[in-house]
file my_file_27.cif (mmCIF, C-alpha atoms and all ligand atoms)
data_my_file
#
loop_
_atom_site.label_atom_id
_atom_site.label_comp_id
_atom_site.auth_asym_id
_atom_site.auth_seq_id
_atom_site.Cartn_x
_atom_site.Cartn_y
_atom_site.Cartn_z
CA MET A 1 -6.15 -7.08 -31.77
CA THR A 2 -3.19 -4.97 -30.70
CA ALA A 3 -2.04 -4.97 -27.10
CA VAL A 4 -2.36 -1.67 -25.23
CA ASP A 5 0.97 -0.45 -23.90
CA PRO A 6 0.34 0.57 -20.25
CA LEU A 7 3.38 2.86 -20.36
CA ALA A 8 2.19 4.76 -23.45
CA GLY A 9 3.02 8.44 -23.19
CA LEU A 10 5.72 7.92 -20.59
CA ASP A 11 8.25 9.66 -22.78
CA ILE A 12 11.42 9.41 -20.73
CA GLN A 13 15.08 8.57 -21.21
CA HIS A 14 17.31 7.59 -18.30
CA ILE A 15 21.01 8.28 -18.92
CA PRO A 16 22.96 6.64 -16.06
CA GLY A 17 26.36 8.19 -15.40
CA PHE A 18 25.70 11.29 -17.51
CA LEU A 19 28.29 12.97 -15.26
CA LYS A 20 31.47 11.06 -14.47
CA PRO A 21 31.90 10.28 -10.73
CA GLU A 22 34.51 13.04 -10.19
CA ALA A 23 32.31 15.66 -11.87
CA ALA A 24 29.24 14.49 -9.94
CA ARG A 25 31.18 14.72 -6.65
CA HIS A 26 32.45 18.19 -7.55
CA TRP A 27 28.95 19.51 -8.31
CA PHE A 28 27.43 17.87 -5.26
CA GLU A 29 29.98 19.46 -2.88
CA CYS A 30 29.94 22.82 -4.66
CA LEU A 31 26.12 23.08 -4.59
CA ARG A 32 25.62 21.67 -1.10
CA ARG A 33 27.99 24.24 0.39
CA GLY A 34 27.49 27.15 -2.02
CA VAL A 35 23.71 27.39 -2.53
CA ASN A 36 21.56 29.51 -0.22
CA TRP A 37 19.12 26.66 0.45
CA GLN A 38 15.69 27.68 1.74
CA GLN A 39 12.87 25.72 3.35
CA GLU A 40 9.76 27.09 1.70
CA GLN A 41 6.32 27.53 3.22
CA PHE A 42 3.22 27.08 1.08
CA GLN A 43 -0.56 26.73 1.45
CA ILE A 44 -2.54 23.60 0.51
CA PHE A 45 -6.33 23.76 0.98
CA GLY A 46 -5.84 26.72 3.32
CA ARG A 47 -3.28 24.91 5.50
CA ARG A 48 0.20 26.28 5.93
CA MET A 49 2.81 23.63 5.10
CA THR A 50 6.58 23.49 5.29
CA SER A 51 8.31 21.96 2.30
CA PRO A 52 9.86 18.55 3.18
CA ARG A 53 13.16 19.47 1.47
CA LEU A 54 15.31 22.55 0.82
CA THR A 55 15.09 24.42 -2.48
CA ALA A 56 16.71 27.15 -4.58
CA CYS A 57 16.52 28.33 -8.17
CA ALA A 58 18.71 29.87 -10.87
CA GLY A 59 18.49 30.72 -14.55
CA GLU A 60 18.65 33.54 -17.03
CA ALA A 61 18.22 36.81 -15.14
CA GLY A 62 14.64 38.02 -15.36
CA THR A 63 13.13 34.53 -15.86
CA SER A 64 10.31 33.93 -13.43
CA TYR A 65 8.63 30.58 -12.72
CA ARG A 66 5.40 30.40 -10.74
CA TYR A 67 4.54 27.15 -8.96
CA ALA A 68 2.89 26.19 -5.66
CA GLY A 69 1.45 29.73 -5.49
CA THR A 70 4.80 31.53 -5.44
CA ALA A 71 6.82 33.27 -8.17
CA HIS A 72 10.46 32.20 -8.27
CA GLN A 73 12.78 34.75 -9.84
CA ALA A 74 16.10 33.68 -11.42
CA MET A 75 19.08 35.92 -10.71
CA GLY A 76 21.44 34.40 -13.32
CA TRP A 77 23.20 31.06 -13.68
CA CYS A 78 24.64 31.25 -10.14
CA TRP A 79 27.10 28.78 -8.60
CA GLY A 80 28.84 28.14 -11.94
CA LEU A 81 25.75 26.43 -13.36
CA ALA A 82 26.30 27.88 -16.86
CA GLU A 83 28.84 25.07 -17.33
CA LEU A 84 26.27 22.37 -16.53
CA VAL A 85 23.73 24.08 -18.81
CA GLN A 86 26.25 23.71 -21.64
CA ASP A 87 26.54 19.94 -20.95
CA ILE A 88 22.73 19.62 -21.00
CA ARG A 89 22.55 21.62 -24.21
CA GLU A 90 25.03 19.29 -25.92
CA ALA A 91 23.20 16.15 -24.69
CA ALA A 92 19.63 17.25 -25.39
CA GLY A 93 20.11 19.81 -28.21
CA TRP A 94 17.99 22.13 -26.15
CA TYR A 95 18.64 25.22 -24.08
CA PRO A 96 16.96 25.56 -20.67
CA ASN A 97 16.53 29.01 -19.10
CA PHE A 98 15.65 27.97 -15.55
CA VAL A 99 16.66 25.34 -13.00
CA LEU A 100 14.97 24.32 -9.78
CA LEU A 101 17.31 22.82 -7.19
CA ASN A 102 16.19 20.41 -4.44
CA LEU A 103 18.23 19.21 -1.49
CA TYR A 104 16.91 16.06 0.21
CA ARG A 105 18.83 16.03 3.51
CA ASP A 106 17.91 12.45 4.43
CA GLY A 107 15.27 9.79 3.79
CA GLN A 108 12.55 11.90 5.46
CA ASP A 109 12.91 14.60 2.79
CA ALA A 110 10.76 13.91 -0.26
CA MET A 111 8.58 15.29 -3.05
CA GLY A 112 4.91 14.29 -3.34
CA TRP A 113 2.97 13.24 -6.44
CA HIS A 114 2.81 16.03 -9.02
CA SER A 115 3.28 16.89 -12.69
CA ASP A 116 5.40 19.74 -13.97
CA ASP A 117 2.55 21.08 -16.05
CA GLU A 118 2.49 24.82 -15.38
CA ALA A 119 1.22 26.74 -18.43
CA SER A 120 4.50 28.70 -18.58
CA LEU A 121 6.33 25.47 -19.54
CA GLY A 122 4.18 24.98 -22.66
CA PRO A 123 1.99 21.96 -23.54
CA GLU A 124 4.57 19.14 -23.78
CA PRO A 125 7.64 20.40 -21.95
CA LEU A 126 11.09 18.85 -21.98
CA ILE A 127 12.55 18.61 -18.47
CA ALA A 128 16.12 17.49 -17.83
CA SER A 129 16.58 16.18 -14.28
CA LEU A 130 20.11 15.69 -12.94
CA SER A 131 20.69 13.67 -9.75
CA LEU A 132 23.70 14.02 -7.43
CA GLY A 133 24.62 12.19 -4.25
CA GLU A 134 22.53 9.44 -2.67
CA THR A 135 20.57 7.02 -4.88
CA ARG A 136 16.80 7.43 -4.40
CA ARG A 137 13.75 5.72 -5.86
CA PHE A 138 11.70 7.78 -8.33
CA ARG A 139 8.17 6.72 -9.29
CA PHE A 140 5.64 7.53 -12.00
CA ARG A 141 1.91 6.81 -12.05
CA ARG A 142 -0.72 7.43 -14.71
CA ARG A 143 -3.02 10.33 -13.87
CA ASP A 144 -6.10 8.41 -15.00
CA ASN A 145 -5.15 5.12 -13.31
CA HIS A 146 -2.96 5.39 -10.25
CA ARG A 147 -2.35 1.63 -10.26
CA THR A 148 -0.29 1.88 -13.44
CA THR A 149 3.11 2.75 -12.05
CA PHE A 150 6.74 2.69 -13.08
CA ALA A 151 9.77 3.04 -10.80
CA MET A 152 13.47 3.59 -11.25
CA GLN A 153 16.52 4.32 -9.12
CA LEU A 154 18.20 7.67 -9.74
CA SER A 155 21.90 7.64 -8.80
CA ASP A 156 24.80 10.06 -8.59
CA GLY A 157 25.42 11.68 -11.98
CA ASP A 158 22.28 10.28 -13.70
CA LEU A 159 20.26 12.39 -16.12
CA LEU A 160 16.55 11.77 -16.67
CA LEU A 161 14.89 13.40 -19.68
CA MET A 162 11.09 13.72 -19.63
CA TRP A 163 9.13 15.07 -22.58
CA GLY A 164 5.95 14.66 -24.66
CA ARG A 165 2.96 13.45 -22.62
CA SER A 166 5.02 12.54 -19.55
CA GLN A 167 3.65 15.55 -17.61
CA ARG A 168 0.13 15.66 -19.09
CA ASP A 169 -0.66 11.95 -18.63
CA TRP A 170 1.67 11.03 -15.75
CA GLN A 171 2.66 12.21 -12.28
CA HIS A 172 5.96 11.58 -10.50
CA THR A 173 7.20 11.48 -6.91
CA LEU A 174 10.37 11.03 -4.88
CA PRO A 175 9.02 9.06 -1.88
CA ARG A 176 10.31 9.08 1.68
CA THR A 177 12.37 6.09 2.74
CA ARG A 178 12.98 4.54 6.16
CA ARG A 179 16.43 3.45 5.01
CA ALA A 180 19.29 5.49 6.50
CA VAL A 181 20.33 7.47 3.43
CA GLY A 182 22.66 10.40 2.89
CA PRO A 183 21.83 13.68 1.16
CA ARG A 184 20.80 14.00 -2.46
CA ILE A 185 20.63 17.04 -4.75
CA ASN A 186 18.40 17.17 -7.82
CA LEU A 187 18.36 19.83 -10.51
CA THR A 188 15.42 20.07 -12.92
CA PHE A 189 16.31 22.18 -15.95
CA ARG A 190 13.31 23.74 -17.67
CA ARG A 191 12.44 26.21 -20.41
CA ILE A 192 9.98 28.89 -19.30
CA SER A 193 8.16 30.67 -22.12
CA SER A 194 6.70 33.54 -20.08
O1 LIG A 201 14.13 15.05 -7.04
C1 LIG A 201 13.70 14.58 -8.10
O2 LIG A 201 14.24 13.64 -8.68
C2 LIG A 201 12.45 15.15 -8.71
C3 LIG A 201 12.28 16.62 -8.59
C4 LIG A 201 11.02 17.09 -9.26
O3 LIG A 201 10.18 16.34 -9.66
C5 LIG A 201 10.81 18.53 -9.46
O4 LIG A 201 11.65 19.35 -9.06
O5 LIG A 201 9.77 18.88 -10.04
MN MN A 202 8.68 17.33 -10.95
#

call {"tool": "encode", "arguments": {"input": "my_file_27.cif", "output": "structure tokens", "more": "lines below"}}
Ligand SMILES: O=C(O)CCC(=O)C(=O)O
Ligand SMILES: [Mn+2]
result
Amino acid sequence: MTAVDPLAGLDIQHIPGFLKPEAARHWFECLRRGVNWQQEQFQIFGRRMTSPRLTACAGEAGTSYRYAGTAHQAMGWCWGLAELVQDIREAAGWYPNFVLLNLYRDGQDAMGWHSDDEASLGPEPLIASLSLGETRRFRFRRRDNHRTTFAMQLSDGDLLLMWGRSQRDWQHTLPRTRRAVGPRINLTFRRISS
């Protein structure tokens, strides 16, 4: 009998220190000050909600990504992001055309359980997630068994690659924390095939 691997399909690679500390600090400061961060409103089951974090997007001009009921239009690789895209391309051999930026101002800012499984990303998308600033806990759970979980700490300059069945079979979250924590920025690079 072969043992069943509970983490099957969690196709991820964590690359700690993908950016050197000076580069991570540079990008954190540049994006925190330079980005026109917005607090989005969205509807869940008819209720109007305010996003518990600030967001922005960028990417190849004309690329549009629809999630949480709203279309997000990229206006180019703003804020010098073309340089970071080049680093991602060299590391992953893959060329994203869109990035979603999240600013978690403190431990009360968070992202709930979800999968990045919009049809426009294709069936088994690669997502490259870059973390800057404060270290935060990041969790996965199986969609068909929420008790099968996996957690990691994402720190300044870390890159997390997710691919294969990691969106179809798993969900992820960045939970709130009661600890007094500083701000964190996360960039999820994606390839939209409109
Ligand atoms: O902040 C993070 O590490 C995760 C962000 C995320 O899951 C997303 O933007 O879809
Ligand atoms: Mn996500």

call {"tool": "atom_distance", "arguments": {"input": "my_file_27.cif", "atom1": "CA of Gly62 (chain A)", "atom2": "CA of Glu118 (chain A)"}}
result
17.9 Å

call {"tool": "residues_around", "arguments": {"input": "my_file_27.cif", "residues": "Ala61 (chain A)", "least_positions_apart": "3", "cutoff": "10 Å", "atoms": "all atoms listed in the file", "output": "list of chain:residue names"}}
result
A:Ala58, A:Ser64, A:Gln73, A:Ala74, A:Met75, A:Gly76, A:Trp77, A:Cys78, A:Asn97, A:Phe98

call {"tool": "residues_around", "arguments": {"input": "my_file_27.cif", "residues": "Gln86 (chain A)", "least_positions_apart": "4", "cutoff": "12 Å", "atoms": "only C-alpha atoms", "output": "JSON, numbers by chain"}}
result
{"A": [77, 80, 81, 82, 90, 91, 92, 93, 94, 95, 96, 97, 189]}

call {"tool": "residues_near_ligand", "arguments": {"input": "my_file_27.cif", "ligand": "ligand LIG 201 (chain A)", "cutoff": "7 Å", "atoms": "all atoms listed in the file", "output": "number ranges by chain"}}
result
A: 100-102, 111, 116, 129, 131, 138, 172-174, 186-188

call {"tool": "atom_distance", "arguments": {"input": "my_file_27.cif", "atom1": "CA of Ile192 (chain A)", "atom2": "CA of Ile12 (chain A)"}}
result
19.6 Å

call {"tool": "atom_distance", "arguments": {"input": "my_file_27.cif", "atom1": "CA of Trp79 (chain A)", "atom2": "CA of Gly17 (chain A)"}}
result
21.7 Å

call {"tool": "residues_around", "arguments": {"input": "my_file_27.cif", "residues": "Leu161 (chain A)", "least_positions_apart": "3", "cutoff": "6 Å", "atoms": "only C-alpha atoms", "output": "VMD selection string"}}
result
chain A and resid 12 to 13 127 to 128

call {"tool": "closest_residue", "arguments": {"input": "my_file_27.cif", "among": "A:Pro175, A:Gln167, A:Asp5, A:Trp113", "to": "His146 (chain A)", "atoms": "all atoms listed in the file"}}
result
A:Trp113

call {"tool": "axis_aligned_box", "arguments": {"input": "my_file_27.cif", "around": "region 39-58 of chain A", "padding_each_side": "5 Å", "output": "lines of an AutoDock Vina configuration file"}}
result
center_x = 6.2
center_y = 24.2
center_z = -2.5
size_x = 35.0
size_y = 21.3
size_z = 26.8

call {"tool": "closest_residue", "arguments": {"input": "my_file_27.cif", "among": "A:Arg191, A:Glu22, A:Asp156, A:Leu130", "to": "Tyr65 (chain A)", "atoms": "all atoms listed in the file"}}
result
A:Arg191
